>>> print(open('upload11.cif').read())   # mmCIF, C-alpha atoms
data_work
loop_
_atom_site.label_atom_id
_atom_site.label_comp_id
_atom_site.auth_asym_id
_atom_site.auth_seq_id
_atom_site.Cartn_x
_atom_site.Cartn_y
_atom_site.Cartn_z
CA MET N 24 0.00 0.00 0.00
CA LYS N 25 1.46 3.32 -1.04
CA THR N 26 1.01 6.24 1.30
CA PRO N 27 -0.63 9.38 -0.14
CA THR N 28 0.94 12.68 0.66
CA LYS N 29 0.14 16.30 0.13
CA ILE N 30 3.28 17.89 -1.22
CA ARG N 31 4.34 20.97 0.70
CA ILE N 32 7.57 22.93 0.45
CA ALA N 33 8.80 25.96 2.33
CA ALA N 34 8.92 29.21 0.37
CA VAL N 35 12.52 30.21 -0.23
CA SER N 36 12.33 33.89 0.68
CA SER N 37 10.98 36.42 -1.76
CA VAL N 38 13.90 35.84 -4.16
CA ALA N 39 14.21 32.59 -3.51
CA VAL N 40 11.89 11.98 -18.32
CA ALA N 41 10.71 9.07 -20.15
CA ALA N 42 12.35 6.17 -18.38
CA LEU N 43 12.71 2.62 -19.65
CA ALA N 44 11.79 -0.35 -17.45
CA MET N 45 14.33 -2.86 -16.20
CA THR N 46 12.63 -5.54 -18.24
CA GLY N 47 14.73 -8.62 -18.43
CA CYS N 48 17.50 -7.29 -16.19
CA ALA N 49 18.50 -9.58 -13.36
CA VAL N 50 20.08 -7.80 -10.42
CA ASN N 51 23.53 -8.96 -9.40
CA PRO N 52 24.29 -7.76 -5.86
CA ALA N 53 28.03 -8.00 -6.44
CA GLY N 54 28.29 -4.62 -8.14
CA GLY N 55 29.83 -1.37 -6.91
CA SER N 56 33.14 0.36 -7.42
CA GLY N 57 35.13 -0.84 -4.44
CA GLY N 58 38.52 0.52 -3.40
CA ASP N 59 41.74 1.21 -5.20
CA ALA N 60 45.07 -0.39 -4.50
CA ASP N 61 46.25 2.73 -2.66
CA GLY N 62 43.36 2.50 -0.23
CA ASP N 63 41.13 5.18 -1.76
CA VAL N 64 37.42 4.47 -2.09
CA THR N 65 36.04 5.12 -5.57
CA LEU N 66 32.36 5.88 -6.11
CA THR N 67 30.75 5.84 -9.53
CA VAL N 68 27.82 8.18 -10.15
CA MET N 69 25.53 7.92 -13.18
CA ALA N 70 23.49 10.92 -14.34
CA TRP N 71 22.01 12.24 -17.53
CA ALA N 72 23.55 15.52 -18.52
CA ASN N 73 25.15 17.51 -21.28
CA SER N 74 28.80 18.48 -20.99
CA GLU N 75 28.08 21.75 -19.18
CA GLU N 76 25.80 20.10 -16.62
CA ALA N 77 28.32 17.32 -16.13
CA ALA N 78 31.00 19.92 -15.36
CA ASN N 79 28.76 21.40 -12.67
CA TYR N 80 28.20 18.00 -11.07
CA GLU N 81 31.91 17.28 -11.17
CA ALA N 82 32.58 20.59 -9.43
CA ALA N 83 30.27 19.47 -6.62
CA PHE N 84 32.04 16.12 -6.43
CA ASP N 85 35.39 17.91 -6.13
CA VAL N 86 34.07 19.65 -3.02
CA PHE N 87 32.87 16.32 -1.63
CA GLU N 88 36.31 14.81 -2.19
CA GLU N 89 37.92 17.72 -0.34
CA LYS N 90 35.61 17.16 2.61
CA ASN N 91 36.05 13.39 2.49
CA PRO N 92 39.75 12.59 1.98
CA GLY N 93 40.30 9.16 0.53
CA VAL N 94 37.06 9.13 -1.46
CA ILE N 95 37.11 9.61 -5.24
CA VAL N 96 33.94 10.23 -7.25
CA ASN N 97 33.80 9.34 -10.94
CA LEU N 98 30.90 10.63 -13.04
CA GLU N 99 29.46 8.73 -15.98
CA TYR N 100 26.86 10.67 -17.96
CA SER N 101 24.80 10.42 -21.11
CA ASP N 102 21.71 11.97 -22.65
CA VAL N 103 18.40 10.90 -21.17
CA GLY N 104 17.46 8.94 -24.29
CA SER N 105 20.22 6.38 -23.73
CA TYR N 106 20.62 6.69 -19.96
CA PHE N 107 18.40 3.84 -18.83
CA ASP N 108 19.65 1.42 -21.46
CA LYS N 109 23.17 2.02 -20.15
CA LEU N 110 22.11 1.80 -16.51
CA ASN N 111 20.21 -1.45 -17.05
CA THR N 112 23.14 -2.92 -18.95
CA LYS N 113 25.38 -2.17 -15.97
CA TYR N 114 22.93 -3.86 -13.63
CA ALA N 115 22.71 -6.90 -15.89
CA ALA N 116 26.51 -7.11 -15.93
CA GLY N 117 26.66 -6.94 -12.13
CA SER N 118 28.41 -3.57 -12.04
CA PRO N 119 25.80 -0.91 -11.27
CA PRO N 120 26.91 2.58 -10.24
CA ASP N 121 27.10 3.37 -6.56
CA VAL N 122 24.81 6.41 -6.88
CA MET N 123 22.44 7.22 -9.73
CA PHE N 124 19.68 9.42 -11.05
CA LEU N 125 16.22 7.91 -11.12
CA VAL N 126 12.72 9.29 -11.55
CA GLY N 127 9.82 8.35 -9.32
CA ARG N 128 8.32 5.91 -11.79
CA ASN N 129 11.50 3.79 -11.63
CA LEU N 130 11.32 3.08 -7.93
CA GLY N 131 8.66 0.40 -8.13
CA GLU N 132 10.59 -1.62 -10.71
CA TYR N 133 14.00 -1.24 -9.14
CA THR N 134 12.91 -1.97 -5.59
CA ALA N 135 10.89 -4.99 -6.76
CA ARG N 136 14.19 -6.40 -8.03
CA ASP N 137 16.07 -5.54 -4.83
CA ALA N 138 18.25 -3.23 -6.90
CA LEU N 139 18.39 -0.27 -4.51
CA LEU N 140 19.96 0.33 -1.13
CA ASN N 141 17.52 0.87 1.74
CA LEU N 142 18.78 4.27 2.86
CA ASP N 143 17.01 3.98 6.21
CA ASP N 144 19.85 1.65 7.20
CA TYR N 145 22.29 4.56 6.76
CA ALA N 146 20.64 7.19 8.93
CA ASP N 147 24.03 7.89 10.53
CA GLU N 148 25.28 9.08 7.14
CA ILE N 149 22.11 10.82 5.92
CA ASP N 150 20.37 13.59 7.88
CA PHE N 151 16.76 12.85 6.97
CA ASP N 152 15.41 15.13 9.69
CA SER N 153 16.53 18.26 7.81
CA MET N 154 14.60 17.29 4.69
CA ASP N 155 11.03 18.07 3.62
CA GLN N 156 9.23 15.04 5.03
CA SER N 157 6.32 15.12 2.59
CA LEU N 158 8.67 14.89 -0.38
CA LEU N 159 10.55 12.05 1.27
CA GLU N 160 7.28 10.24 1.96
CA ALA N 161 6.29 10.56 -1.68
CA ASN N 162 9.28 8.39 -2.59
CA ARG N 163 9.03 5.70 0.06
CA VAL N 164 8.16 2.18 -1.00
CA ASN N 165 6.39 0.05 1.60
CA GLY N 166 7.60 2.46 4.26
CA ASN N 167 11.25 2.26 3.24
CA THR N 168 13.42 5.10 1.89
CA TYR N 169 15.15 3.99 -1.27
CA ALA N 170 15.70 7.42 -2.78
CA VAL N 171 16.11 11.07 -1.83
CA PRO N 172 14.65 13.79 -4.08
CA THR N 173 17.22 15.97 -5.82
CA GLY N 174 14.83 18.86 -5.23
CA ALA N 175 11.24 19.99 -5.59
CA GLY N 176 9.86 20.99 -8.96
CA ALA N 177 6.85 21.04 -11.24
CA VAL N 178 6.02 21.21 -14.92
CA GLY N 179 5.27 24.43 -16.75
CA ILE N 180 5.24 26.06 -20.15
CA ALA N 181 8.35 28.03 -21.06
CA VAL N 182 7.58 31.04 -23.27
CA ASN N 183 9.98 33.12 -25.36
CA THR N 184 8.70 36.64 -24.64
CA ALA N 185 10.91 38.13 -27.36
CA ILE N 186 8.66 36.47 -29.92
CA LEU N 187 5.54 37.75 -28.16
CA ASP N 188 6.96 41.28 -28.12
CA GLU N 189 7.87 41.13 -31.79
CA TYR N 190 4.33 40.23 -32.83
CA ASP N 191 2.50 42.14 -30.09
CA ILE N 192 1.04 39.01 -28.49
CA PRO N 193 0.30 39.27 -24.74
CA LEU N 194 1.22 36.65 -22.19
CA PRO N 195 -1.79 34.59 -21.16
CA ASP N 196 -3.41 34.85 -17.74
CA ASP N 197 -2.08 31.50 -16.65
CA LYS N 198 -4.17 31.42 -13.50
CA THR N 199 -7.42 31.30 -15.51
CA TRP N 200 -6.73 30.27 -19.10
CA THR N 201 -8.51 27.22 -20.51
CA TRP N 202 -7.32 24.64 -23.02
CA ASP N 203 -9.33 26.48 -25.68
CA ASP N 204 -7.62 29.73 -24.65
CA PHE N 205 -4.27 28.03 -25.04
CA ALA N 206 -5.17 26.80 -28.52
CA ASP N 207 -6.33 30.26 -29.64
CA TRP N 208 -3.23 31.92 -28.16
CA SER N 209 -0.86 29.49 -29.85
CA ARG N 210 -2.57 29.84 -33.24
CA SER N 211 -2.46 33.62 -32.95
CA ILE N 212 1.35 33.56 -32.76
CA THR N 213 1.66 31.47 -35.90
CA GLU N 214 -0.81 33.70 -37.74
CA ALA N 215 0.79 36.97 -36.59
CA SER N 216 4.20 35.81 -37.76
CA GLY N 217 2.89 34.63 -41.11
CA GLY N 218 4.20 31.17 -40.30
CA GLU N 219 7.72 32.41 -39.62
CA VAL N 220 7.35 31.17 -36.04
CA TYR N 221 4.98 28.58 -34.65
CA GLY N 222 3.01 29.13 -31.47
CA SER N 223 3.84 25.99 -29.54
CA LEU N 224 4.74 22.33 -29.49
CA LEU N 225 3.96 20.35 -26.33
CA ASN N 226 5.04 16.78 -25.64
CA MET N 227 1.54 15.33 -25.35
CA GLY N 228 2.91 11.86 -24.63
CA TRP N 229 4.78 12.87 -21.48
CA PRO N 230 3.14 11.45 -18.31
CA PRO N 231 3.22 14.71 -16.29
CA ILE N 232 1.02 16.58 -18.78
CA VAL N 233 -1.39 13.64 -19.10
CA THR N 234 -1.52 13.34 -15.32
CA THR N 235 -2.28 17.06 -15.04
CA PHE N 236 -5.15 16.73 -17.51
CA ALA N 237 -6.50 13.62 -15.77
CA ARG N 238 -6.44 15.34 -12.40
CA GLN N 239 -8.30 18.31 -13.87
CA GLN N 240 -11.04 15.81 -14.78
CA GLY N 241 -11.17 14.60 -11.16
CA GLU N 242 -9.15 11.47 -11.92
CA ASP N 243 -5.47 10.53 -11.77
CA LEU N 244 -3.10 8.35 -13.73
CA TYR N 245 -2.69 5.79 -10.94
CA THR N 246 -4.57 4.76 -7.82
CA GLN N 247 -3.03 4.59 -4.37
CA ASP N 248 -2.78 0.81 -4.85
CA GLY N 249 -0.84 1.13 -8.08
CA GLU N 250 -3.61 0.47 -10.58
CA LEU N 251 -4.69 2.56 -13.54
CA ALA N 252 -6.96 5.39 -12.37
CA VAL N 253 -7.63 7.35 -15.55
CA SER N 254 -10.78 6.54 -17.53
CA GLU N 255 -11.05 5.64 -21.20
CA ALA N 256 -13.24 8.72 -21.71
CA THR N 257 -10.49 11.00 -20.41
CA MET N 258 -7.84 9.33 -22.55
CA LEU N 259 -10.14 9.67 -25.57
CA ALA N 260 -10.56 13.39 -24.86
CA TRP N 261 -6.78 13.70 -24.56
CA PHE N 262 -6.01 11.96 -27.84
CA GLU N 263 -8.68 14.07 -29.54
CA LYS N 264 -6.73 17.14 -28.37
CA VAL N 265 -3.59 15.66 -29.91
CA VAL N 266 -5.35 15.39 -33.28
CA ASP N 267 -7.03 18.78 -33.00
CA TYR N 268 -3.86 20.63 -32.05
CA ASN N 269 -1.89 19.07 -34.88
CA GLU N 270 -4.57 19.57 -37.52
CA THR N 271 -5.70 23.11 -36.67
CA GLY N 272 -2.40 24.92 -36.41
CA VAL N 273 -2.06 24.96 -32.63
CA PHE N 274 1.20 23.02 -32.82
CA ALA N 275 4.27 23.32 -35.00
CA PRO N 276 4.85 20.38 -37.37
CA ALA N 277 5.47 17.24 -35.34
CA GLU N 278 8.76 16.68 -37.16
CA LEU N 279 10.27 19.45 -35.03
CA ALA N 280 9.70 17.51 -31.82
CA ASP N 281 12.54 16.01 -29.82
CA ASP N 282 11.24 12.67 -28.58
CA THR N 283 14.60 11.40 -27.36
CA GLY N 284 15.62 14.15 -24.95
CA ALA N 285 18.86 14.55 -26.88
CA PHE N 286 18.36 18.20 -27.84
CA SER N 287 20.19 20.79 -25.80
CA PRO N 288 18.18 23.93 -24.96
CA ALA N 289 20.00 25.78 -27.76
CA GLN N 290 19.14 23.06 -30.30
CA SER N 291 15.53 22.71 -29.18
CA PRO N 292 12.64 24.25 -31.14
CA LEU N 293 12.17 26.84 -28.37
CA GLY N 294 15.84 27.71 -27.98
CA SER N 295 16.39 27.97 -31.72
CA GLY N 296 13.44 30.35 -32.15
CA LYS N 297 11.18 28.02 -34.14
CA ILE N 298 8.37 28.07 -31.56
CA ALA N 299 7.25 30.48 -28.86
CA ALA N 300 6.26 28.00 -26.15
CA THR N 301 6.90 24.45 -25.03
CA LEU N 302 6.33 22.17 -22.05
CA VAL N 303 9.35 21.84 -19.73
CA PRO N 304 10.32 20.65 -16.28
CA ALA N 305 10.18 24.03 -14.54
CA ASN N 306 13.71 23.68 -13.17
CA GLN N 307 15.04 23.89 -16.74
CA LEU N 308 13.86 27.47 -17.18
CA SER N 309 17.29 28.91 -16.48
CA SER N 310 18.84 26.82 -19.28
CA TYR N 311 16.33 28.19 -21.79
CA SER N 312 16.62 31.70 -20.38
CA GLU N 313 20.37 31.62 -20.96
CA VAL N 314 20.06 30.79 -24.67
CA LEU N 315 17.16 33.25 -25.09
CA ASP N 316 19.02 36.20 -23.55
CA GLY N 317 16.85 36.25 -20.45
CA LYS N 318 13.57 36.35 -22.39
CA ALA N 319 12.15 33.03 -21.15
CA VAL N 320 9.30 33.03 -18.65
CA LEU N 321 7.32 30.26 -17.03
CA VAL N 322 3.53 29.94 -17.12
CA ARG N 323 1.16 27.31 -15.79
CA LEU N 324 -0.50 24.70 -17.94
CA PRO N 325 -4.01 25.66 -19.06
CA GLY N 326 -7.22 24.24 -17.62
CA GLU N 327 -6.47 24.66 -13.93
CA THR N 328 -9.72 26.52 -13.21
CA GLU N 329 -12.06 24.99 -15.79
CA GLY N 330 -12.01 21.41 -14.54
CA VAL N 331 -13.08 19.57 -11.42
CA ARG N 332 -9.85 20.45 -9.62
CA PRO N 333 -6.35 21.80 -10.34
CA GLY N 334 -4.04 19.29 -11.94
CA LEU N 335 -0.59 20.75 -11.30
CA SER N 336 1.42 19.71 -8.28
CA VAL N 337 4.85 19.95 -6.71
CA THR N 338 6.91 16.79 -7.09
CA PRO N 339 10.53 15.69 -6.85
CA VAL N 340 12.48 16.65 -9.97
CA LEU N 341 14.61 13.49 -9.85
CA VAL N 342 15.87 11.28 -7.06
CA TRP N 343 19.27 10.14 -5.89
CA ALA N 344 19.43 6.41 -5.24
CA ALA N 345 22.22 3.98 -4.38
CA ALA N 346 22.73 0.48 -5.72
CA ALA N 347 22.05 -2.38 -3.34
CA GLY N 348 25.28 -3.94 -4.56
CA SER N 349 27.52 -0.97 -3.77
CA LYS N 350 30.73 -2.08 -2.06
CA ASN N 351 30.86 1.31 -0.33
CA PRO N 352 27.31 1.95 0.92
CA GLU N 353 28.35 4.29 3.74
CA GLU N 354 30.27 6.54 1.35
CA ALA N 355 27.44 6.38 -1.20
CA ALA N 356 24.97 7.43 1.50
CA SER N 357 27.31 10.22 2.59
CA LEU N 358 27.45 11.51 -0.98
CA ILE N 359 23.64 11.60 -1.18
CA ASP N 360 23.58 13.50 2.13
CA PHE N 361 26.15 15.99 0.81
CA LEU N 362 24.17 16.57 -2.39
CA THR N 363 21.04 17.24 -0.34
CA ASN N 364 22.08 18.89 2.91
CA ASP N 365 25.29 20.81 2.16
CA ILE N 366 25.02 24.27 0.58
CA ASP N 367 28.54 23.84 -0.84
CA SER N 368 27.25 21.11 -3.15
CA TYR N 369 25.08 23.63 -5.00
CA THR N 370 27.96 25.69 -6.36
CA GLY N 371 27.50 25.84 -10.10
CA ARG N 372 24.33 23.76 -10.29
CA ASP N 373 22.13 26.20 -8.32
CA ALA N 374 18.47 25.06 -8.48
CA PHE N 375 18.83 23.04 -11.69
CA LEU N 376 17.81 19.82 -9.91
CA GLY N 377 14.98 21.53 -8.07
CA VAL N 378 14.40 23.64 -4.98
CA PRO N 379 16.51 22.01 -2.24
CA ILE N 380 14.43 19.88 0.13
CA ASN N 381 16.56 21.02 3.05
CA THR N 382 14.79 24.22 4.11
CA GLU N 383 17.90 25.96 5.45
CA VAL N 384 19.88 25.14 2.31
CA ALA N 385 16.97 26.39 0.20
CA LYS N 386 17.00 29.72 2.03
CA GLN N 387 20.75 30.12 1.61
CA LEU N 388 20.60 29.20 -2.06
CA GLY N 389 17.68 31.55 -2.67
CA GLU N 390 19.89 34.52 -1.82
CA THR N 391 22.31 33.70 -4.64
CA LEU N 392 20.05 32.77 -7.55
CA GLY N 393 19.76 34.55 -10.87
CA ASP N 394 16.49 35.88 -12.24
CA ALA N 395 15.39 32.70 -14.03
CA ASP N 396 16.10 30.44 -11.07
CA GLN N 397 14.30 32.87 -8.78
CA GLN N 398 11.30 32.71 -11.10
CA PHE N 399 11.39 28.90 -10.94
CA VAL N 400 11.60 28.90 -7.14
CA GLU N 401 8.69 31.33 -6.87
CA TYR N 402 6.68 29.20 -9.31
CA VAL N 403 7.18 26.13 -7.12
CA ALA N 404 6.53 28.10 -3.92
CA ASP N 405 3.24 29.44 -5.32
CA LEU N 406 2.07 25.94 -6.24
CA SER N 407 3.19 24.61 -2.88
CA ALA N 408 1.12 27.22 -1.04
CA GLU N 409 -2.05 25.96 -2.73
CA GLU N 410 -4.20 22.99 -1.79
CA HIS N 411 -3.76 19.91 -3.96
CA ASP N 412 -5.12 16.40 -3.69
CA PRO N 413 -2.66 13.68 -2.63
CA LEU N 414 -0.15 12.31 -5.09
CA TYR N 415 0.72 8.63 -5.14
CA LEU N 416 4.06 7.01 -5.78
CA GLU N 417 4.12 5.69 -9.32
CA PRO N 418 3.87 1.89 -9.18
CA ALA N 419 5.98 -0.87 -10.65
CA GLY N 420 5.24 -0.87 -14.36
CA ALA N 421 4.92 2.92 -14.57
CA SER N 422 7.96 3.24 -16.81
CA VAL N 423 6.43 0.71 -19.22
CA VAL N 424 3.23 2.76 -19.20
CA SER N 425 5.28 5.89 -19.89
CA ASP N 426 6.90 4.27 -22.90
CA LEU N 427 3.51 3.02 -24.07
CA LEU N 428 1.97 6.47 -23.75
CA ALA N 429 4.76 8.00 -25.83
CA THR N 430 4.39 5.37 -28.55
CA ILE N 431 0.61 5.62 -28.81
CA THR N 432 0.71 9.43 -28.82
CA THR N 433 3.17 9.34 -31.72
CA GLU N 434 0.83 7.02 -33.63
CA VAL N 435 -2.06 9.42 -33.05
CA THR N 436 0.04 12.46 -33.96
CA PHE N 437 0.94 11.04 -37.37
CA GLY N 438 -2.57 9.77 -38.07
CA ARG N 439 -1.74 6.10 -37.91
CA THR N 440 -4.16 5.46 -35.02
CA SER N 441 -7.52 7.06 -34.27
CA PRO N 442 -8.18 8.63 -30.86
CA GLU N 443 -10.80 5.94 -30.17
CA ASP N 444 -8.44 3.08 -30.93
CA ALA N 445 -5.61 4.81 -29.07
CA ALA N 446 -7.69 5.21 -25.92
CA LYS N 447 -8.79 1.57 -25.97
CA ALA N 448 -5.24 0.35 -26.62
CA PHE N 449 -3.80 2.49 -23.86
CA MET N 450 -6.33 1.33 -21.27
CA THR N 451 -5.81 -2.35 -22.09
CA GLN N 452 -2.06 -2.34 -22.49
CA ALA N 453 -1.35 -0.03 -19.55
CA ALA N 454 -3.49 -2.16 -17.23
CA ASP N 455 -1.68 -5.27 -18.43
CA ALA N 456 1.73 -3.69 -17.85
CA LEU N 457 0.82 -2.71 -14.30
CA ALA N 458 -0.61 -6.16 -13.57
CA GLN N 459 2.48 -7.92 -14.89
CA ALA N 460 4.84 -5.66 -12.96
CA GLY N 461 2.84 -5.95 -9.75
#
>>> encode(input="upload11.cif", output="structure tokens")
Amino acid sequence: MKTPTKIRIAAVSSVAVAALAMTGCAVNPAGGSGGDADGDVTLTVMAWANSEEAANYEAAFDVFEEKNPGVIVNLEYSDVGSYFDKLNTKYAAGSPPDVMFLVGRNLGEYTARDALLNLDDYADEIDFDSMDQSLLEANRVNGNTYAVPTGAGAVGIAVNTAILDEYDIPLPDDKTWTWDDFADWSRSITEASGGEVYGSLLNMGWPPIVTTFARQQGEDLYTQDGELAVSEATMLAWFEKVVDYNETGVFAPAELADDTGAFSPAQSPLGSGKIAATLVPANQLSSYSEVLDGKAVLVRLPGETEGVRPGLSVTPVLVWAAAAGSKNPEEAASLIDFLTNDIDSYTGRDAFLGVPINTEVAKQLGETLGDADQQFVEYVADLSAEEHDPLYLEPAGASVVSDLLATITTEVTFGRTSPEDAAKAFMTQAADALAQAG
């Protein structure tokens, strides 16, 4: 039984993916990096990142090494599109990393295979008491802590205001706009530019946006017990939006989309000036703002006031987890503690992995942030101050459902599957995936 939680996070002063399942991967507990001949302990960390992000993580690891003589941290990174294939290959070979990035939907699969360290056994190394307890609770499996959130975040729509200014298009009232308002606004940008720029392109197959829509209908993607909670009628309405938005000029041509996560912000349709708005993890605003000369702003998804209830919520951005087979579990746990509870670990990476879940660290970091990161923090703080229904930990099988959702949405986008057939297929196949994983 998963425990529901209302996500709350402290305001940080006034300034202040699609994952693949471990299908077919047997877990070998003999993994881990071990020690070197000279007595040093070497930890391997896996993360998805570009070269600039990797440099920021490595800077944090340098500080950890200075504070922990005799411990060496090696970073292995890749783009998100290939990350889980590489991680699962390492597990299958019996050599998983000591510490790794995961997303919430991975926890069910990985813990079911005894692949993750129970961090509760390392409370001497990790100061859980200083962390936001509701966010921790949202990532516990059967009462056990297998992961620590990298930070609190949410999803939002990043908008290039330079394009709006050029064509005299106002920002929407994101507290009240409807899905129809969004469609009209997006089309107006394309029309005003004469097709030079498209209004928007949202990843309609990404679970967070589908979850938001489902919650607006009074439903959810999953139940507290890990079953499918969304109805076929809601999925039909969603896939009808996919068709409508692609056929009526709301979206840019689907060929512009990046379905692999391999695009950098500069290469993306938004960063390269091809569209005015796109769906993003809100913590990535600063990356887009940098390539858009500070002209990126964050707005809420539409439909928050037209449905049964608001659909947006504050969630962990990613989580840090440690492999059950690590030969250095104490050091791995200490590294997770450092990345969560030590302000010195945020040098260079700021709030990129979310608003710190250590309240004191969040306050200290809030005093140093640039404009875009401050906007992100305030966005999360505003959502946190509002009442939202409980969120449930994504169950085992959720990553398979995520992959399924992406595939079916692509089929609908390119007209190879009707919304009716897509909704029926999703309901059947998603339920089967959850049943098999459970």
>>> residues_around(input="upload11.cif", residues="stretch 126-133 of chain N", least_positions_apart="3", cutoff="6 Å", atoms="all atoms listed in the file", output="count of residues only")
9
>>> atom_distance(input="upload11.cif", atom1="atom CA of N:Glu434", atom2="atom CA of N:Phe205")
23.3 Å
>>> closest_residue(input="upload11.cif", among="N:Thr168, N:Gly438, N:Ala181, N:Gly317", to="N:Asp144", atoms="all atoms listed in the file")
N:Thr168
>>> atom_distance(input="upload11.cif", atom1="atom CA of N:Leu225", atom2="atom CA of N:Asn306")
16.7 Å
>>> residues_near_point(input="upload11.cif", point="(18.7, 21.0, 2.3)", cutoff="12 Å", atoms="all atoms listed in the file", output="NGL selection string")
:N and (32-33 or 35 or 149-156 or 171-175 or 359-369 or 374 or 377-389)
>>> build_atoms(input="upload11.cif", residues="stretch 160-166 of chain N", atoms="all heavy atoms", output="PDB file, keeping the file's coordinate frame")
ATOM      1  N   GLU N 160       8.355  11.236   1.879  1.00  0.00           N
ATOM      2  CA  GLU N 160       7.280  10.240   1.960  1.00  0.00           C
ATOM      3  C   GLU N 160       6.776   9.861   0.584  1.00  0.00           C
ATOM      4  O   GLU N 160       6.400   8.707   0.340  1.00  0.00           O
ATOM      5  CB  GLU N 160       6.134  10.799   2.805  1.00  0.00           C
ATOM      6  CG  GLU N 160       5.035   9.789   3.113  1.00  0.00           C
ATOM      7  CD  GLU N 160       5.528   8.608   3.925  1.00  0.00           C
ATOM      8  OE1 GLU N 160       6.400   8.797   4.797  1.00  0.00           O
ATOM      9  OE2 GLU N 160       5.038   7.485   3.673  1.00  0.00           O
ATOM     10  N   ALA N 161       6.777  10.821  -0.327  1.00  0.00           N
ATOM     11  CA  ALA N 161       6.290  10.560  -1.680  1.00  0.00           C
ATOM     12  C   ALA N 161       7.174   9.581  -2.429  1.00  0.00           C
ATOM     13  O   ALA N 161       6.785   9.080  -3.492  1.00  0.00           O
ATOM     14  CB  ALA N 161       6.187  11.863  -2.454  1.00  0.00           C
ATOM     15  N   ASN N 162       8.361   9.296  -1.910  1.00  0.00           N
ATOM     16  CA  ASN N 162       9.280   8.390  -2.590  1.00  0.00           C
ATOM     17  C   ASN N 162       9.612   7.151  -1.762  1.00  0.00           C
ATOM     18  O   ASN N 162      10.556   6.435  -2.061  1.00  0.00           O
ATOM     19  CB  ASN N 162      10.581   9.124  -2.945  1.00  0.00           C
ATOM     20  CG  ASN N 162      10.396  10.064  -4.105  1.00  0.00           C
ATOM     21  OD1 ASN N 162      10.514   9.671  -5.257  1.00  0.00           O
ATOM     22  ND2 ASN N 162      10.061  11.317  -3.814  1.00  0.00           N
ATOM     23  N   ARG N 163       8.821   6.913  -0.730  1.00  0.00           N
ATOM     24  CA  ARG N 163       9.030   5.700   0.060  1.00  0.00           C
ATOM     25  C   ARG N 163       8.232   4.544  -0.544  1.00  0.00           C
ATOM     26  O   ARG N 163       7.122   4.721  -1.027  1.00  0.00           O
ATOM     27  CB  ARG N 163       8.628   5.921   1.515  1.00  0.00           C
ATOM     28  CG  ARG N 163       9.607   6.823   2.265  1.00  0.00           C
ATOM     29  CD  ARG N 163       9.410   6.764   3.773  1.00  0.00           C
ATOM     30  NE  ARG N 163      10.484   7.461   4.459  1.00  0.00           N
ATOM     31  CZ  ARG N 163      10.371   8.647   5.021  1.00  0.00           C
ATOM     32  NH1 ARG N 163       9.217   9.295   4.974  1.00  0.00           N
ATOM     33  NH2 ARG N 163      11.398   9.209   5.622  1.00  0.00           N
ATOM     34  N   VAL N 164       8.815   3.384  -0.504  1.00  0.00           N
ATOM     35  CA  VAL N 164       8.160   2.180  -1.000  1.00  0.00           C
ATOM     36  C   VAL N 164       7.975   1.231   0.172  1.00  0.00           C
ATOM     37  O   VAL N 164       8.949   0.836   0.819  1.00  0.00           O
ATOM     38  CB  VAL N 164       9.007   1.500  -2.103  1.00  0.00           C
ATOM     39  CG1 VAL N 164       8.301   0.240  -2.597  1.00  0.00           C
ATOM     40  CG2 VAL N 164       9.252   2.465  -3.252  1.00  0.00           C
ATOM     41  N   ASN N 165       6.715   0.921   0.465  1.00  0.00           N
ATOM     42  CA  ASN N 165       6.390   0.050   1.600  1.00  0.00           C
ATOM     43  C   ASN N 165       7.050   0.549   2.891  1.00  0.00           C
ATOM     44  O   ASN N 165       7.533  -0.244   3.705  1.00  0.00           O
ATOM     45  CB  ASN N 165       6.822  -1.389   1.304  1.00  0.00           C
ATOM     46  CG  ASN N 165       6.082  -1.982   0.127  1.00  0.00           C
ATOM     47  OD1 ASN N 165       4.903  -1.720  -0.066  1.00  0.00           O
ATOM     48  ND2 ASN N 165       6.769  -2.769  -0.683  1.00  0.00           N
ATOM     49  N   GLY N 166       7.074   1.862   3.045  1.00  0.00           N
ATOM     50  CA  GLY N 166       7.600   2.460   4.260  1.00  0.00           C
ATOM     51  C   GLY N 166       9.100   2.620   4.301  1.00  0.00           C
ATOM     52  O   GLY N 166       9.635   3.144   5.285  1.00  0.00           O
TER      53      GLY N 166
END
